[in-house]
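Enquirer: My structure is stored as protein_8.cif, with mmCIF, C-alpha atoms and all ligand atoms.
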```cif
data_structure
loop_
_atom_site.label_atom_id
_atom_site.label_comp_id
_atom_site.auth_asym_id
_atom_site.auth_seq_id
_atom_site.Cartn_x
_atom_site.Cartn_y
_atom_site.Cartn_z
CA MET F 3 96.73 64.02 143.37
CA SER F 4 97.01 67.64 142.13
CA LEU F 5 100.52 68.89 141.50
CA PRO F 6 101.48 72.56 141.41
CA THR F 7 101.30 73.97 137.88
CA SER F 8 103.31 77.09 138.63
CA LEU F 9 105.62 78.46 141.28
CA TYR F 10 102.48 79.85 142.90
CA GLY F 11 100.78 76.46 143.14
CA LEU F 12 97.79 75.44 141.01
CA SER F 13 96.74 77.83 138.27
CA ARG F 14 94.10 77.49 135.55
CA ARG F 15 96.20 79.37 133.04
CA SER F 16 99.05 76.91 133.11
CA LEU F 17 96.65 74.05 132.48
CA LEU F 18 96.18 75.44 128.97
CA GLY F 19 99.87 74.90 128.27
CA SER F 20 101.52 75.57 124.95
CA ALA F 21 102.69 73.19 122.27
CA LEU F 22 106.43 72.69 121.93
CA ALA F 23 108.00 72.51 118.54
CA LEU F 24 110.55 69.75 118.90
CA GLY F 25 112.55 71.12 116.00
CA ALA F 26 114.25 69.43 113.11
CA CYS F 27 116.47 66.36 113.06
CA GLN F 28 120.21 66.66 113.65
CA PRO F 29 122.35 67.33 110.59
CA ALA F 30 123.70 64.35 108.68
CA ALA F 31 126.53 62.58 110.46
CA GLN F 32 130.08 62.13 109.18
CA SER F 33 131.98 58.89 109.00
CA GLN F 34 134.96 58.17 111.25
CA THR F 35 136.43 55.01 112.80
CA PRO F 36 136.32 51.52 111.23
CA THR F 37 133.47 49.27 112.27
CA VAL F 38 133.87 46.77 115.08
CA SER F 39 131.16 44.42 116.21
CA LEU F 40 129.97 44.50 119.79
CA PRO F 41 126.83 43.25 121.54
CA PRO F 42 124.62 46.05 122.94
CA LEU F 43 126.22 47.69 125.97
CA ARG F 44 123.07 47.15 128.04
CA SER F 45 123.26 43.42 127.39
CA ILE F 46 126.89 43.22 128.52
CA ALA F 47 126.84 45.37 131.65
CA PRO F 48 125.59 43.97 134.97
CA PHE F 49 124.23 47.44 135.88
CA PRO F 50 122.02 50.03 134.15
CA VAL F 51 123.66 51.79 131.20
CA GLY F 52 122.44 55.35 130.82
CA THR F 53 122.62 57.99 128.16
CA ALA F 54 121.70 61.66 127.95
CA VAL F 55 118.97 62.42 125.42
CA GLN F 56 117.09 65.38 124.06
CA ALA F 57 113.52 65.03 122.81
CA VAL F 58 114.68 65.94 119.32
CA HIS F 59 117.03 62.92 119.27
CA LEU F 60 114.04 60.61 119.55
CA THR F 61 112.65 61.95 116.28
CA ASP F 62 115.73 60.62 114.44
CA PRO F 63 114.84 56.96 113.76
CA ASN F 64 118.45 55.75 113.58
CA LEU F 65 119.38 57.44 116.80
CA ALA F 66 116.19 56.34 118.55
CA ARG F 67 116.98 52.74 117.54
CA LEU F 68 120.55 53.04 118.82
CA ILE F 69 119.38 54.47 122.15
CA ALA F 70 116.75 51.75 122.69
CA ALA F 71 119.24 49.04 121.74
CA GLN F 72 122.23 50.22 123.75
CA ALA F 73 120.89 51.98 126.84
CA SER F 74 118.69 50.88 129.70
CA GLN F 75 118.23 54.33 131.25
CA LEU F 76 117.72 57.87 129.94
CA THR F 77 118.77 61.20 131.43
CA PRO F 78 117.18 64.25 129.79
CA GLU F 79 120.16 66.33 128.72
CA TRP F 80 118.53 69.73 129.39
CA GLU F 81 114.75 69.52 129.14
CA MET F 82 114.15 68.58 132.78
CA LYS F 83 116.01 71.65 133.94
CA MET F 84 114.54 74.91 135.07
CA GLU F 85 115.62 76.59 131.82
CA TYR F 86 113.04 74.47 130.02
CA ILE F 87 110.34 73.85 132.60
CA VAL F 88 109.76 77.27 134.18
CA ARG F 89 108.26 79.89 131.91
CA ASP F 90 108.95 83.53 132.64
CA ASP F 91 105.50 83.94 134.23
CA GLY F 92 106.23 81.10 136.67
CA THR F 93 104.06 78.46 134.97
CA PHE F 94 105.50 75.09 134.02
CA ARG F 95 105.79 73.22 130.72
CA PHE F 96 106.60 69.55 130.32
CA GLU F 97 106.19 68.63 126.63
CA ALA F 98 109.81 67.65 125.96
CA PRO F 99 110.48 65.77 129.21
CA ASP F 100 107.12 64.04 128.77
CA ALA F 101 108.22 62.92 125.28
CA ILE F 102 111.42 61.47 126.76
CA ALA F 103 109.47 59.80 129.57
CA ALA F 104 107.03 58.31 127.04
CA PHE F 105 109.92 56.93 124.95
CA ALA F 106 111.41 55.38 128.09
CA ARG F 107 108.09 53.72 128.96
CA THR F 108 107.54 52.44 125.42
CA HIS F 109 110.99 50.88 125.29
CA GLY F 110 111.15 49.66 128.88
CA LEU F 111 113.97 52.05 129.83
CA GLY F 112 114.57 53.72 133.16
CA LEU F 113 114.22 57.50 133.48
CA PHE F 114 116.71 59.51 135.52
CA GLY F 115 115.72 63.07 136.41
CA HIS F 116 118.29 65.83 135.88
CA THR F 117 118.42 68.29 137.56
CA LEU F 118 116.33 70.03 140.22
CA VAL F 119 118.63 72.59 141.82
CA TRP F 120 121.60 73.96 139.90
CA TYR F 121 123.47 77.15 140.76
CA ALA F 122 123.79 77.83 137.03
CA GLN F 123 120.06 77.91 136.42
CA THR F 124 117.51 80.19 137.94
CA SER F 125 114.47 81.72 136.34
CA PRO F 126 113.17 85.27 136.05
CA ALA F 127 110.02 83.95 137.73
CA PHE F 128 112.02 83.02 140.84
CA GLU F 129 113.99 86.24 140.73
CA ARG F 130 110.82 88.37 140.56
CA LEU F 131 108.71 86.19 142.82
CA ASP F 132 105.68 87.94 144.33
CA GLU F 133 106.17 86.96 147.93
CA GLY F 134 102.76 88.34 148.74
CA ARG F 135 101.42 85.27 146.94
CA VAL F 136 103.93 82.60 147.91
CA SER F 137 107.10 82.52 149.99
CA PHE F 138 110.39 81.77 148.25
CA ALA F 139 110.59 78.46 150.12
CA GLY F 140 107.00 77.71 149.08
CA ALA F 141 107.75 78.34 145.40
CA TYR F 142 110.89 76.19 145.66
CA ARG F 143 108.77 73.41 147.15
CA ASN F 144 106.06 73.85 144.50
CA TYR F 145 108.67 73.52 141.76
CA ILE F 146 110.26 70.38 143.16
CA HIS F 147 106.87 68.81 143.89
CA ALA F 148 105.57 69.55 140.41
CA VAL F 149 108.63 68.16 138.61
CA VAL F 150 109.38 65.15 140.77
CA GLY F 151 105.68 64.42 141.32
CA ARG F 152 104.98 64.36 137.58
CA TYR F 153 107.38 61.43 137.07
CA ARG F 154 106.63 59.74 140.39
CA GLY F 155 106.48 56.00 139.89
CA GLN F 156 108.58 56.25 136.73
CA ALA F 157 111.80 58.10 137.54
CA VAL F 158 114.33 55.78 139.14
CA GLY F 159 116.23 58.71 140.60
CA TRP F 160 117.01 62.41 140.52
CA ASP F 161 120.00 64.70 140.55
CA VAL F 162 118.60 66.84 143.33
CA VAL F 163 121.52 69.25 143.71
CA ASN F 164 123.96 69.63 140.84
CA GLU F 165 127.46 71.13 141.09
CA ALA F 166 127.21 72.52 144.63
CA VAL F 167 130.97 72.66 145.22
CA ALA F 168 133.01 75.70 144.15
CA GLU F 169 135.22 75.25 141.10
CA ASP F 170 138.46 75.26 143.12
CA GLY F 171 137.01 73.19 145.96
CA GLU F 172 136.96 76.17 148.36
CA GLY F 173 133.53 75.73 149.89
CA TRP F 174 130.22 75.79 148.06
CA ARG F 175 128.88 77.84 145.21
CA ASP F 176 126.96 81.02 145.70
CA SER F 177 123.57 81.03 143.95
CA LEU F 178 120.09 82.48 144.12
CA TRP F 179 119.16 79.36 146.10
CA SER F 180 121.96 79.73 148.64
CA GLN F 181 121.24 83.43 149.04
CA ARG F 182 117.52 83.03 149.62
CA LEU F 183 117.37 79.73 151.49
CA GLY F 184 120.81 79.31 153.03
CA ALA F 185 124.08 77.90 151.73
CA PHE F 186 123.49 74.49 153.31
CA ASP F 187 119.78 74.62 154.09
CA HIS F 188 118.69 75.00 150.46
CA MET F 189 120.30 71.64 149.75
CA VAL F 190 118.68 69.89 152.71
CA LEU F 191 115.33 71.42 151.75
CA ALA F 192 115.69 70.23 148.16
CA PHE F 193 116.36 66.66 149.27
CA GLN F 194 113.45 66.77 151.72
CA ASN F 195 111.05 68.17 149.12
CA ALA F 196 112.14 65.61 146.54
CA ARG F 197 111.67 62.75 149.00
CA GLU F 198 108.17 63.96 149.86
CA ALA F 199 107.34 64.20 146.16
CA ASP F 200 108.53 60.67 145.33
CA PRO F 201 109.53 58.46 148.26
CA ALA F 202 110.76 55.68 145.95
CA ALA F 203 113.15 57.66 143.72
CA LYS F 204 116.86 57.57 144.59
CA LEU F 205 118.16 61.06 145.34
CA PHE F 206 121.63 62.21 144.26
CA LEU F 207 124.20 64.92 144.83
CA ASN F 208 126.07 65.27 141.55
CA ASP F 209 129.29 67.10 140.65
CA TYR F 210 132.15 67.28 138.15
CA ASN F 211 135.95 67.55 138.02
CA LEU F 212 136.12 65.34 141.12
CA GLU F 213 138.82 63.24 139.45
CA TRP F 214 140.71 66.31 138.37
CA ILE F 215 140.77 68.54 141.46
CA PRO F 216 141.47 66.60 144.69
CA LYS F 217 140.40 69.54 146.83
CA LYS F 218 137.03 69.66 145.09
CA ARG F 219 136.61 65.94 145.69
CA ALA F 220 137.43 66.36 149.38
CA THR F 221 134.91 69.20 149.74
CA PHE F 222 132.30 67.13 147.89
CA LEU F 223 132.87 64.17 150.24
CA ARG F 224 132.61 66.42 153.31
CA LEU F 225 129.37 67.86 151.97
CA VAL F 226 127.93 64.37 151.58
CA GLU F 227 128.88 63.60 155.18
CA ARG F 228 127.31 66.79 156.37
CA LEU F 229 124.08 66.18 154.45
CA LEU F 230 123.88 62.68 155.91
CA ALA F 231 124.54 64.01 159.41
CA ALA F 232 121.76 66.58 158.96
CA GLY F 233 119.35 63.79 158.04
CA ALA F 234 118.97 64.87 154.40
CA PRO F 235 117.48 61.96 152.45
CA ILE F 236 120.42 61.44 150.11
CA ASP F 237 120.70 57.99 148.51
CA GLY F 238 123.58 58.44 146.13
CA VAL F 239 126.48 60.39 144.75
CA GLY F 240 127.04 61.23 141.12
CA THR F 241 130.38 61.91 139.48
CA GLN F 242 129.81 63.40 136.05
CA THR F 243 133.24 62.32 134.73
CA HIS F 244 133.61 64.73 131.82
CA VAL F 245 137.28 63.98 131.30
CA ALA F 246 139.92 64.20 128.59
CA ALA F 247 142.12 61.56 126.98
CA ASP F 248 145.11 62.87 128.98
CA GLN F 249 143.33 62.24 132.29
CA ALA F 250 145.97 61.22 134.85
CA PRO F 251 145.80 57.42 135.21
CA GLY F 252 144.34 56.23 138.50
CA GLU F 253 142.36 59.37 139.41
CA ILE F 254 139.02 58.16 138.04
CA ALA F 255 139.46 54.89 139.92
CA ARG F 256 140.40 56.74 143.11
CA THR F 257 137.39 59.03 142.79
CA ILE F 258 134.90 56.21 142.25
CA ALA F 259 136.37 54.23 145.16
CA GLU F 260 136.24 57.25 147.49
CA LEU F 261 132.67 57.99 146.49
CA GLY F 262 131.82 54.42 147.39
CA GLN F 263 133.02 54.83 150.97
CA PHE F 264 129.61 55.91 152.29
CA GLY F 265 127.87 52.77 151.10
CA LEU F 266 125.56 54.98 149.02
CA GLN F 267 124.64 54.40 145.39
CA VAL F 268 127.26 55.64 142.93
CA HIS F 269 126.34 57.07 139.53
CA VAL F 270 128.90 57.76 136.84
CA SER F 271 126.45 60.25 135.52
CA GLU F 272 127.73 62.10 132.41
CA PHE F 273 130.71 60.19 131.08
CA ASP F 274 132.60 61.38 128.04
CA VAL F 275 136.30 61.58 127.15
CA SER F 276 137.34 64.56 125.07
CA LEU F 277 140.21 64.32 122.60
CA SER F 278 140.29 68.07 121.96
CA ARG F 279 140.70 68.90 125.63
CA ALA F 280 143.70 66.58 125.95
CA LYS F 281 146.09 69.49 125.91
CA GLY F 282 148.77 67.56 127.73
CA LEU F 283 149.16 65.14 124.85
CA ARG F 284 150.94 66.02 121.64
CA LEU F 285 149.90 62.90 119.85
CA ASN F 286 148.37 61.93 116.57
CA ARG F 287 144.70 61.09 116.41
CA LEU F 288 145.17 57.32 116.54
CA GLU F 289 147.26 57.61 119.65
CA LEU F 290 144.71 59.95 121.22
CA GLU F 291 141.97 57.40 120.49
CA ARG F 292 144.09 54.71 122.12
CA GLN F 293 144.43 56.89 125.21
CA GLN F 294 140.72 57.56 125.13
CA ALA F 295 140.00 53.84 125.11
CA GLY F 296 142.30 53.49 128.13
CA VAL F 297 140.26 56.08 130.03
CA TYR F 298 137.03 54.28 129.11
CA ALA F 299 138.55 51.03 130.40
CA GLU F 300 139.71 52.59 133.67
CA ALA F 301 136.28 54.05 134.39
CA ALA F 302 134.52 50.77 133.64
CA GLU F 303 136.95 48.75 135.73
CA ALA F 304 136.63 51.16 138.66
CA PHE F 305 132.85 51.05 138.48
CA MET F 306 132.92 47.25 138.44
CA ALA F 307 135.11 47.31 141.55
CA LEU F 308 132.21 48.76 143.55
CA PRO F 309 129.93 46.30 145.34
CA SER F 310 127.13 45.50 142.90
CA ARG F 311 124.47 46.98 145.22
CA GLN F 312 126.22 50.38 144.94
CA ARG F 313 126.36 50.42 141.14
CA PHE F 314 123.41 52.68 140.40
CA ALA F 315 124.21 53.27 136.72
CA PHE F 316 126.95 54.22 134.31
CA SER F 317 125.62 56.98 132.07
CA PHE F 318 127.25 58.35 128.93
CA TRP F 319 126.58 61.99 128.03
CA GLY F 320 125.19 60.85 124.69
CA LEU F 321 125.95 57.81 122.55
CA ARG F 322 127.02 59.12 119.14
CA ASP F 323 129.80 61.64 118.74
CA SER F 324 127.57 63.73 116.51
CA GLU F 325 125.26 64.63 119.43
CA SER F 326 127.97 65.51 121.96
CA TRP F 327 127.76 68.90 123.72
CA LEU F 328 131.56 69.06 123.25
CA LYS F 329 131.05 69.60 119.52
CA ARG F 330 130.08 73.17 120.39
CA GLU F 331 133.58 73.70 121.75
CA ASP F 332 135.35 71.85 118.95
CA ALA F 333 133.44 70.30 116.06
CA GLY F 334 136.26 67.78 115.61
CA ASP F 335 135.97 66.28 119.07
CA THR F 336 134.83 62.66 119.34
CA PRO F 337 134.24 61.89 123.04
CA LEU F 338 131.47 59.27 122.96
CA PRO F 339 131.37 55.46 122.58
CA PHE F 340 129.75 55.42 119.11
CA ASP F 341 130.79 57.25 115.97
CA ASP F 342 128.53 59.53 113.94
CA GLN F 343 126.96 56.50 112.24
CA GLY F 344 126.27 54.79 115.53
CA ARG F 345 129.09 52.24 115.15
CA PRO F 346 130.94 51.22 118.31
CA LYS F 347 134.42 52.71 118.62
CA ALA F 348 137.54 51.27 120.24
CA ALA F 349 136.51 53.14 123.40
CA ALA F 350 133.23 51.20 123.58
CA VAL F 351 135.06 47.93 123.08
CA ALA F 352 137.54 48.76 125.84
CA TRP F 353 134.69 49.71 128.18
CA ALA F 354 132.72 46.57 127.36
CA ALA F 355 135.76 44.35 127.96
CA GLN F 356 135.85 45.51 131.60
CA VAL F 357 132.18 45.07 132.40
CA GLY F 358 131.34 41.93 130.44
O1 LIG D 401 124.93 68.87 127.54
C1 LIG D 401 124.06 69.84 128.09
C2 LIG D 401 123.81 70.96 127.09
O2 LIG D 401 123.14 70.44 125.96
C3 LIG D 401 122.98 72.06 127.74
O3 LIG D 401 122.88 73.15 126.85
C4 LIG D 401 123.65 72.53 129.03
C5 LIG D 401 122.78 73.54 129.76
O4 LIG D 401 121.57 72.98 130.10
O5 LIG D 401 123.89 71.43 129.90
C6 LIG D 401 124.69 70.42 129.34
O6 LIG D 401 124.81 69.36 130.27
C7 LIG D 401 125.55 69.66 131.45
C8 LIG D 401 124.88 68.93 132.60
O7 LIG D 401 123.52 69.29 132.70
C9 LIG D 401 125.59 69.20 133.91
N1 LIG D 401 127.00 68.88 133.79
C10 LIG D 401 127.71 69.46 132.67
C11 LIG D 401 126.99 69.13 131.37
C12 LIG D 401 127.76 69.67 130.17
O8 LIG D 401 127.82 71.06 130.22
#
```
Could you write out this file's structure as structure tokens?
Expert:
Amino acid sequence: MSLPTSLYGLSRRSLLGSALALGACQPAAQSQTPTVSLPPLRSIAPFPVGTAVQAVHLTDPNLARLIAAQASQLTPEWEMKMEYIVRDDGTFRFEAPDAIAAFARTHGLGLFGHTLVWYAQTSPAFERLDEGRVSFAGAYRNYIHAVVGRYRGQAVGWDVVNEAVAEDGEGWRDSLWSQRLGAFDHMVLAFQNAREADPAAKLFLNDYNLEWIPKKRATFLRLVERLLAAGAPIDGVGTQTHVAADQAPGEIARTIAELGQFGLQVHVSEFDVSLSRAKGLRLNRLELERQQAGVYAEAAEAFMALPSRQRFAFSFWGLRDSESWLKREDAGDTPLPFDDQGRPKAAAVAWAAQVG
């Protein structure tokens, strides 16, 4: 089957491709918490354990070993997004996501696609589309077919629409996609296109701050209902769960339970617990880490409370602190289950105690 190689469909030029330099290894890690011993998370949990990865991470042997040992599913952290895949001329590149997919196959791990439609990402090629050659809806379809079709048979699921709900929960976000294809219709179309491209992959609506802003959660839940009512082929809901150590107790559990109400698959899709963002706590580091472990435990317990058939996966947004995106905000933050050396932290132990 031929897949589109550009927004305009098949093109000879894009078949030539260009090599991707995967870049250098991450800088040397720093030591933190004392070592505790823990069996691999994937061996403890009765559901898939995911982690975000970048292709460059897989070139670090220690990190690659940790990922293969601990996780059963990989989510590309950014290289399956439009920012990577769509070149300015509208052709597609896949070197980095292919490297992640190959690693997943070699190690028997699942692959979770992230993310097809995101208000935050467009591409000059979409913005300057020559509609004499292809309609906007046609280019949108070509993109989704090319990306989902490439990993058909391997990807277990996809974040089809990411972060559709407005920050304050007042309606949905404005984007190039909503402007050109309709505020609601662009979402339905994305789900339909993804289903056509891979009928077996589970398709998700994914969002964040659902545990933090009740109004946003309510709008998210209403959107799911509306998509279902419109016949959009949505199989699951994702709650990113980027939270802080001062997260109000009970809200993560409430969110996961409410997301479960549709009987759809539930994905805790990008879990991490920031210490630096815990502005409400004036505590020393040890106390913050204790709070962090409590948040890990609450999330694990809440996920376990779902019927097993609804537990799609619990994905961390990275395994070692040293790779966390939150380091860009504060280099001292330590939000992930393993320290810079790949040793399990108290947070991992607390999480494991709830799922084992
Ligand atoms: O962690 C990701 C970071 O490395 C990327 O630069 C960024 C833009 O692609 O996306 C980050 O991941 C985000 C995810 O895709 C969606 N939810 C929020 C995540 C953290 O910003």
Enquirer: With all atoms listed in the file as the basis for distance, which of F:Leu40, F:Ala333, F:Leu321, F:Leu5 is at the shortest distance from Leu65 in chain F?
Expert: F:Leu321
Enquirer: At a cut-off of 7 Å around ligand LIG 401 (chain D), and using only C-alpha atoms and all ligand atoms, what residues come up? Please write them as a PDB file with C-alpha atoms, keeping the file's coordinate frame.
Expert:
```
ATOM      1  CA  GLU F  79     120.160  66.330 128.720  1.00  0.00           C
ATOM      2  CA  TRP F  80     118.530  69.730 129.390  1.00  0.00           C
ATOM      3  CA  LYS F  83     116.010  71.650 133.940  1.00  0.00           C
ATOM      4  CA  TYR F 210     132.150  67.280 138.150  1.00  0.00           C
ATOM      5  CA  GLN F 242     129.810  63.400 136.050  1.00  0.00           C
ATOM      6  CA  GLU F 272     127.730  62.100 132.410  1.00  0.00           C
ATOM      7  CA  TRP F 327     127.760  68.900 123.720  1.00  0.00           C
TER       8      TRP F 327
END
```
Enquirer: What does the distance from CA of Asn164 in chain F to CA of Arg152 in chain F come to in Å, to one decimal?
Expert: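 Taking CA of Asn164 in chain F and CA of Arg152 in chain F, their separation equals 20.0 Å.
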Enquirer: Name all residues at most 9 Å from Leu328 in chain F (count all atoms listed in the file; drop same-chain ones fewer than 4 positions away) and give them as a list in words.
Expert: Ser276, Ser278, Asp323, Asp332, Ala333, Asp335, Thr336 and Pro337 of chain F
Enquirer: Print the selection's residues with C-alpha atoms to a file, as a short mmCIF file (atom, residue, chain, number, x, y, z; two decimals), in the frame of the given file.
Expert:
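Listing of again11.cif after writing:
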```cif
data_model
loop_
_atom_site.label_atom_id
_atom_site.label_comp_id
_atom_site.auth_asym_id
_atom_site.auth_seq_id
_atom_site.Cartn_x
_atom_site.Cartn_y
_atom_site.Cartn_z
CA SER F 276 137.34 64.56 125.07
CA SER F 278 140.29 68.07 121.96
CA ASP F 323 129.80 61.64 118.74
CA ASP F 332 135.35 71.85 118.95
CA ALA F 333 133.44 70.30 116.06
CA ASP F 335 135.97 66.28 119.07
CA THR F 336 134.83 62.66 119.34
CA PRO F 337 134.24 61.89 123.04
#
```
Enquirer: Measuring atom to atom with all atoms listed in the file, identify which of F:Leu191, F:Leu205, F:Leu261, F:Ala73 is nearest to Ala220 in chain F.
Expert: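 Checking each of F:Leu191, F:Leu205, F:Leu261, F:Ala73 against Ala220 in chain F, counting all atoms listed in the file, the winner is F:Leu261.
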Enquirer: Could you give me, as a list in words, the residues within 9 Å of Lys204 in chain F, counting only C-alpha atoms and dropping anything in the same chain fewer than 3 positions from it?
Expert: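 After dropping sequence-adjacent residues, the list is Ala157, Val158, Gly159, Trp160, Asp161, Arg197, Asp200, Pro201, Ile236, Asp237, Gly238 and Gln267 of chain F.
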Enquirer: What is the CA of Asp170 in chain F to CA of Ala232 in chain F distance in Å?
Expert: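 Computing the Euclidean distance for CA of Asp170 in chain F and CA of Ala232 in chain F yields 24.6 Å.
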Enquirer: Please, what is the axis-aligned box for every listed atom of range 232-248 of chain F with 5 Å on each side, as centre and edge lengths in Å to one decimal, as lines of an AutoDock Vina configuration file?
Expert:
```
center_x = 131.3
center_y = 62.3
center_z = 143.0
size_x = 37.6
size_y = 18.6
size_z = 42.0
```
Enquirer: Please produce, as JSON lines, a per-residue contact table for range 105-125 of chain F versus range 183-188 of chain F (criterion: any atom at most 12 Å away, all atoms listed in the file considered), showing the nearest atom pair and its distance in Å to one decimal, sorted by chain then residue number.
Expert:
```
{"residue": "F:Leu118", "atom": "CA", "partner": "F:His188", "partner_atom": "CA", "distance": 11.6}
{"residue": "F:Val119", "atom": "CA", "partner": "F:His188", "partner_atom": "CA", "distance": 9.0}
{"residue": "F:Trp120", "atom": "CA", "partner": "F:His188", "partner_atom": "CA", "distance": 11.0}
{"residue": "F:Tyr121", "atom": "CA", "partner": "F:Ala185", "partner_atom": "CA", "distance": 11.0}
```
Enquirer: Selection from above, C-alpha atoms, as a short mmCIF file (atom, residue, chain, number, x, y, z; two decimals), in the coordinates of the input, can you write it?
Expert:
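result20.cif, freshly written:
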```
data_model
loop_
_atom_site.label_atom_id
_atom_site.label_comp_id
_atom_site.auth_asym_id
_atom_site.auth_seq_id
_atom_site.Cartn_x
_atom_site.Cartn_y
_atom_site.Cartn_z
CA LEU F 118 116.33 70.03 140.22
CA VAL F 119 118.63 72.59 141.82
CA TRP F 120 121.60 73.96 139.90
CA TYR F 121 123.47 77.15 140.76
#
```
Enquirer: With distances taken over only C-alpha atoms, which residue among F:Leu277, F:Ile102, F:Val239, F:Ala352 lies nearest Ala295 in chain F?
Expert: F:Ala352
Enquirer: Using CA of Ala66 in chain F and CA of Ala104 in chain F as the two end points, give the distance in Å to one decimal.
Expert: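 Calculated distance between CA of Ala66 in chain F and CA of Ala104 in chain F is 12.6 Å.
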Enquirer: With a distance cut-off of 12 Å and all atoms listed in the file, select the neighbouring residues of Ala304 in chain F, excluding the residue or stretch itself and same-chain residues fewer than 3 positions from it, and output the selection as a list in words.
Expert: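 Once the adjacent positions are removed, what remains is Pro251, Gly252, Glu253, Ile254, Ala255, Arg256, Thr257, Ile258, Ala259, Glu260, Leu261, Gly262, Val268, His269, Val270, Val297, Tyr298, Ala299, Glu300, Ala301, Ala307, Leu308, Pro309, Ser310, Arg313, Phe316, Trp353, Gln356 and Val357 of chain F.
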